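A.B. asks: One structure is given below, represented as structure tokens, and several questions about it will come after.
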Amino acid sequence: MDRSLRAARVATYVYFVLCGTLMGAWVVHIPAAEERVGVSHATLGGLLVLLGLGAFAGMQVAGPLADRFGARIVVPVSGVLCGASLILPGLAEDPWTLAGALLVFGFCNGSLDVSMNAHAVHVEKAYGRPVMSGFHATFSVGGVLAALLGAAAASAGLTPVTSMAVIGAVGIVIALATVRALLPEGPAADPAEAGADARTTDTGADPGPEAESGSPAAAAPRGTGGGRVWLLAALAFMVMLCEGAANDWSALHLKDVLGAPAGTAAFAYGTFAAAMTIGRLLADRIVARYGSFAVLRHGAALAAVGITLVALCPWMWAAFTGWALFGLGLSGTVPQLFSAAGHADPAAAGANVSRVAGLGYVGMLAGPALIGWLTHLVALDHAFVLLTLLCVTTAAAAGVLRTGSGHTLRNEPEPVGR
């Protein structure tokens, strides 16, 4: 395998960890920011929406810029800006300055998010086999790292602003130090030869006919995507809405519906998050064996089973099992949608990924609010039936991954019946 391609993959891992760590560094300091600014939970919820709006705007700007100037420029610039802007929420002293800080930080984080995903698409294309889910798994690792760093900073007596400043400064250094390993261009950096070399080295065999039509290294026709990309975005909206709902309501479900102690209830989200991380670490191999279509369809179906178990069963063990299945099922869905959008047109990978990621991010923000609104009409556990319907719809629409520009990210023949 080409050494520069391997280095580009490692660098992409680094940026995913960096993005997760910087966002996590803000999340672990939210209670301190709320107390310092002096706002209620309701007001803080509104301010956090601004973070999401800023991220959405950053995605729409950075995606096309990555296509025009190359991820090697946009990714590190976004990383530096994200690291520098992390301190802003820590400096805010009132709701207005916190609102502005969250808009700026959200914009920078969204820019890093979509540009690194666009670069990940090019790396995956050059490899000629699925690697996207592994990148998304390392984003979760960044969140865990942020929690550990936040706890260590608190134990050392550092103030939140000092902790955020140090993490942001280290992030800037990492973003600048990693830039040389990134692919120098966008589509031009993904030659079919590089993908062929990678496949030959990894499998020890000739790439075969898949190199012509079924692998990500095959040149996709330019100008493809269109309505298909928006369908991918709609599916991303649904599955990320489910993820957002789990983030905010899983622990409350165990506490308020099943009467679990607060300490036990916290393990509901931990179970979901751990299952999602494990699933993403395994998903690339599963995609290589069975295809992205199978991962999306069967993953969404498994998630539907899990959340239905949560919604209907009154037993604690069933709830933990359901949240684990929900996380495991959802784990591989978003990476496949991002990857399919990026491969729909290599010349517009950044723009297409920004559409899918942007609408997906809106879903993640809408999920907690939508479930909260439904609790005014039905019990919390019954509100989760909406998530079941969304997962079933995603499974039914998974065939979108079998259409378009040859986005079959695998090295092996398709099973009979596919």
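So you can find residues: chains in the structure tokens are A, B, ... in the order shown, residues in each start at 1, and ligands are numbered from 1 in order.
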Skipping near chain neighbours, those fewer than 2 positions away, what residues fall within 6 Å of range 28-42 of chain A using only C-alpha atoms, listed as an NGL selection string?
C.D. replies: :A and (25-26 or 44-45 or 93-94)
A.B. asks: Quick one: everything within 6 Å of Pro64 in chain A, counting only C-alpha atoms, minus sequence neighbours fewer than 3 positions away in the same chain. Send it as a PDB file with all heavy atoms, in the first residue's frame.
C.D. replies:
```pdb
ATOM      1  N   ASP A  67     -14.500  21.316  -1.958  1.00  0.00           N
ATOM      2  CA  ASP A  67     -14.491  20.890  -3.359  1.00  0.00           C
ATOM      3  C   ASP A  67     -13.628  21.817  -4.212  1.00  0.00           C
ATOM      4  O   ASP A  67     -12.938  21.370  -5.124  1.00  0.00           O
ATOM      5  CB  ASP A  67     -15.924  20.883  -3.923  1.00  0.00           C
ATOM      6  CG  ASP A  67     -16.790  19.826  -3.277  1.00  0.00           C
ATOM      7  OD1 ASP A  67     -16.239  18.795  -2.842  1.00  0.00           O
ATOM      8  OD2 ASP A  67     -18.014  20.026  -3.190  1.00  0.00           O
ATOM      9  N   GLY A 350     -17.674  17.393  -1.243  1.00  0.00           N
ATOM     10  CA  GLY A 350     -17.876  18.262  -0.093  1.00  0.00           C
ATOM     11  C   GLY A 350     -19.276  18.841  -0.048  1.00  0.00           C
ATOM     12  O   GLY A 350     -19.922  18.858   0.999  1.00  0.00           O
ATOM     13  N   ALA A 351     -19.767  19.323  -1.177  1.00  0.00           N
ATOM     14  CA  ALA A 351     -21.100  19.903  -1.225  1.00  0.00           C
ATOM     15  C   ALA A 351     -22.163  18.860  -0.922  1.00  0.00           C
ATOM     16  O   ALA A 351     -23.121  19.119  -0.181  1.00  0.00           O
ATOM     17  CB  ALA A 351     -21.352  20.535  -2.600  1.00  0.00           C
TER      18      ALA A 351
END
```
A.B. asks: In Å, rounded to a single decimal, give me how far CA of Met238 in chain A is from CA of Gly399 in chain A.
C.D. replies: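 CA of Met238 in chain A lies at a distance of 15.6 Å from CA of Gly399 in chain A.
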A.B. asks: Which of these, A:Ala245, A:Ala273, A:Val17, A:Leu65, has the shortest distance to Gly372 in chain A once you count only C-alpha atoms?
C.D. replies: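 Closest residue, counting only C-alpha atoms: A:Ala245.
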A.B. asks: I'd like the contact shell of Met132 in chain A - 12 Å cut-off, only C-alpha atoms, skipping same-chain residues fewer than 2 positions apart - returned as a ChimeraX atom specification.
C.D. replies: /A:9,12-13,16,116-125,127-130,134-139,216,280-288,292,331-340,342-343,409
A.B. asks: To one decimal in Å, tell me the separation between CA of Val239 in chain A and CA of Leu330 in chain A.
C.D. replies: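 If I compute the distance from CA of Val239 in chain A to CA of Leu330 in chain A, I get 6.9 Å.
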A.B. asks: Give the helix (DSSP H, G or I) residues of range 79-314 of chain A, as assigned by DSSP on the backbone, as number ranges by chain.
C.D. replies: A: 79-85, 87-91, 95-127, 132-155, 160-177, 179-181, 187-189, 192-203, 210-213, 227-257, 262-290, 292-312
A.B. asks: So the first atom is CA of Gly58 in chain A and the second is CA of Phe272 in chain A; what is the distance between them in Å, to one decimal place?
C.D. replies: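 Computed distance, CA of Gly58 in chain A to CA of Phe272 in chain A, equals 28.2 Å.
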A.B. asks: If you count only C-alpha atoms, which residues fall within 9 Å of Gly106 in chain A, apart from same-chain ones fewer than 6 positions away, as an mmCIF file with C-alpha atoms, in the first residue's frame?
C.D. replies:
```cif
data_model
loop_
_atom_site.group_PDB
_atom_site.id
_atom_site.type_symbol
_atom_site.label_atom_id
_atom_site.label_comp_id
_atom_site.auth_asym_id
_atom_site.auth_seq_id
_atom_site.Cartn_x
_atom_site.Cartn_y
_atom_site.Cartn_z
ATOM 1 C CA MET A 23 -17.037 19.402 20.911
ATOM 2 C CA LEU A 50 -27.799 28.411 18.148
ATOM 3 C CA LEU A 51 -24.832 26.051 18.360
ATOM 4 C CA GLY A 52 -26.640 23.746 15.958
ATOM 5 C CA LEU A 53 -27.586 26.560 13.605
ATOM 6 C CA GLY A 54 -23.980 27.731 13.521
ATOM 7 C CA ALA A 55 -22.823 24.175 12.748
ATOM 8 C CA PHE A 56 -25.365 23.855 9.945
ATOM 9 C CA ALA A 57 -24.164 27.127 8.393
ATOM 10 C CA GLY A 58 -20.535 26.057 8.706
ATOM 11 C CA CYS A 82 -12.449 25.335 15.942
ATOM 12 C CA SER A 85 -13.123 29.369 19.128
#
```
A.B. asks: Taking into account only C-alpha atoms, which residue in the set A:Ala347, A:Ala396, A:Ala341, A:Ile73 is nearest to Ala233 in chain A?
C.D. replies: A:Ala341
A.B. asks: Using only C-alpha atoms, which residues sit within 12 Å of Cys313 in chain A once same-chain residues fewer than 5 positions away are excluded, as an MDAnalysis selection string?
C.D. replies: chainID A and resid 253:254 257:258 305:308 318:323 381:382 384
A.B. asks: Excluding same-chain residues fewer than 5 positions from Pro184 in chain A, what lies within 9 Å of it counting only C-alpha atoms, as a PyMOL selection string?
C.D. replies: chain A and resi 70-73+189
A.B. asks: Between A:Ala301, A:Val179, A:Val295, A:Ala311, which one has atoms that come closest to Ser133 in chain A, using only C-alpha atoms?
C.D. replies: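 That would be A:Val295, the residue with the smallest distance to Ser133 in chain A.
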A.B. asks: Measuring between only C-alpha atoms, which one of A:Leu312, A:Gly327, A:Ala300, A:Leu359 shows the shortest distance to Tyr269 in chain A?
C.D. replies: A:Gly327
A.B. asks: Give the answer as one residue: which of A:Ala397, A:Val173, A:Ala66, A:Leu389 has the shortest atom-to-atom distance to Ala294 in chain A, using only C-alpha atoms?
C.D. replies: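 For Ala294 in chain A, the nearest of the candidates is A:Ala397.
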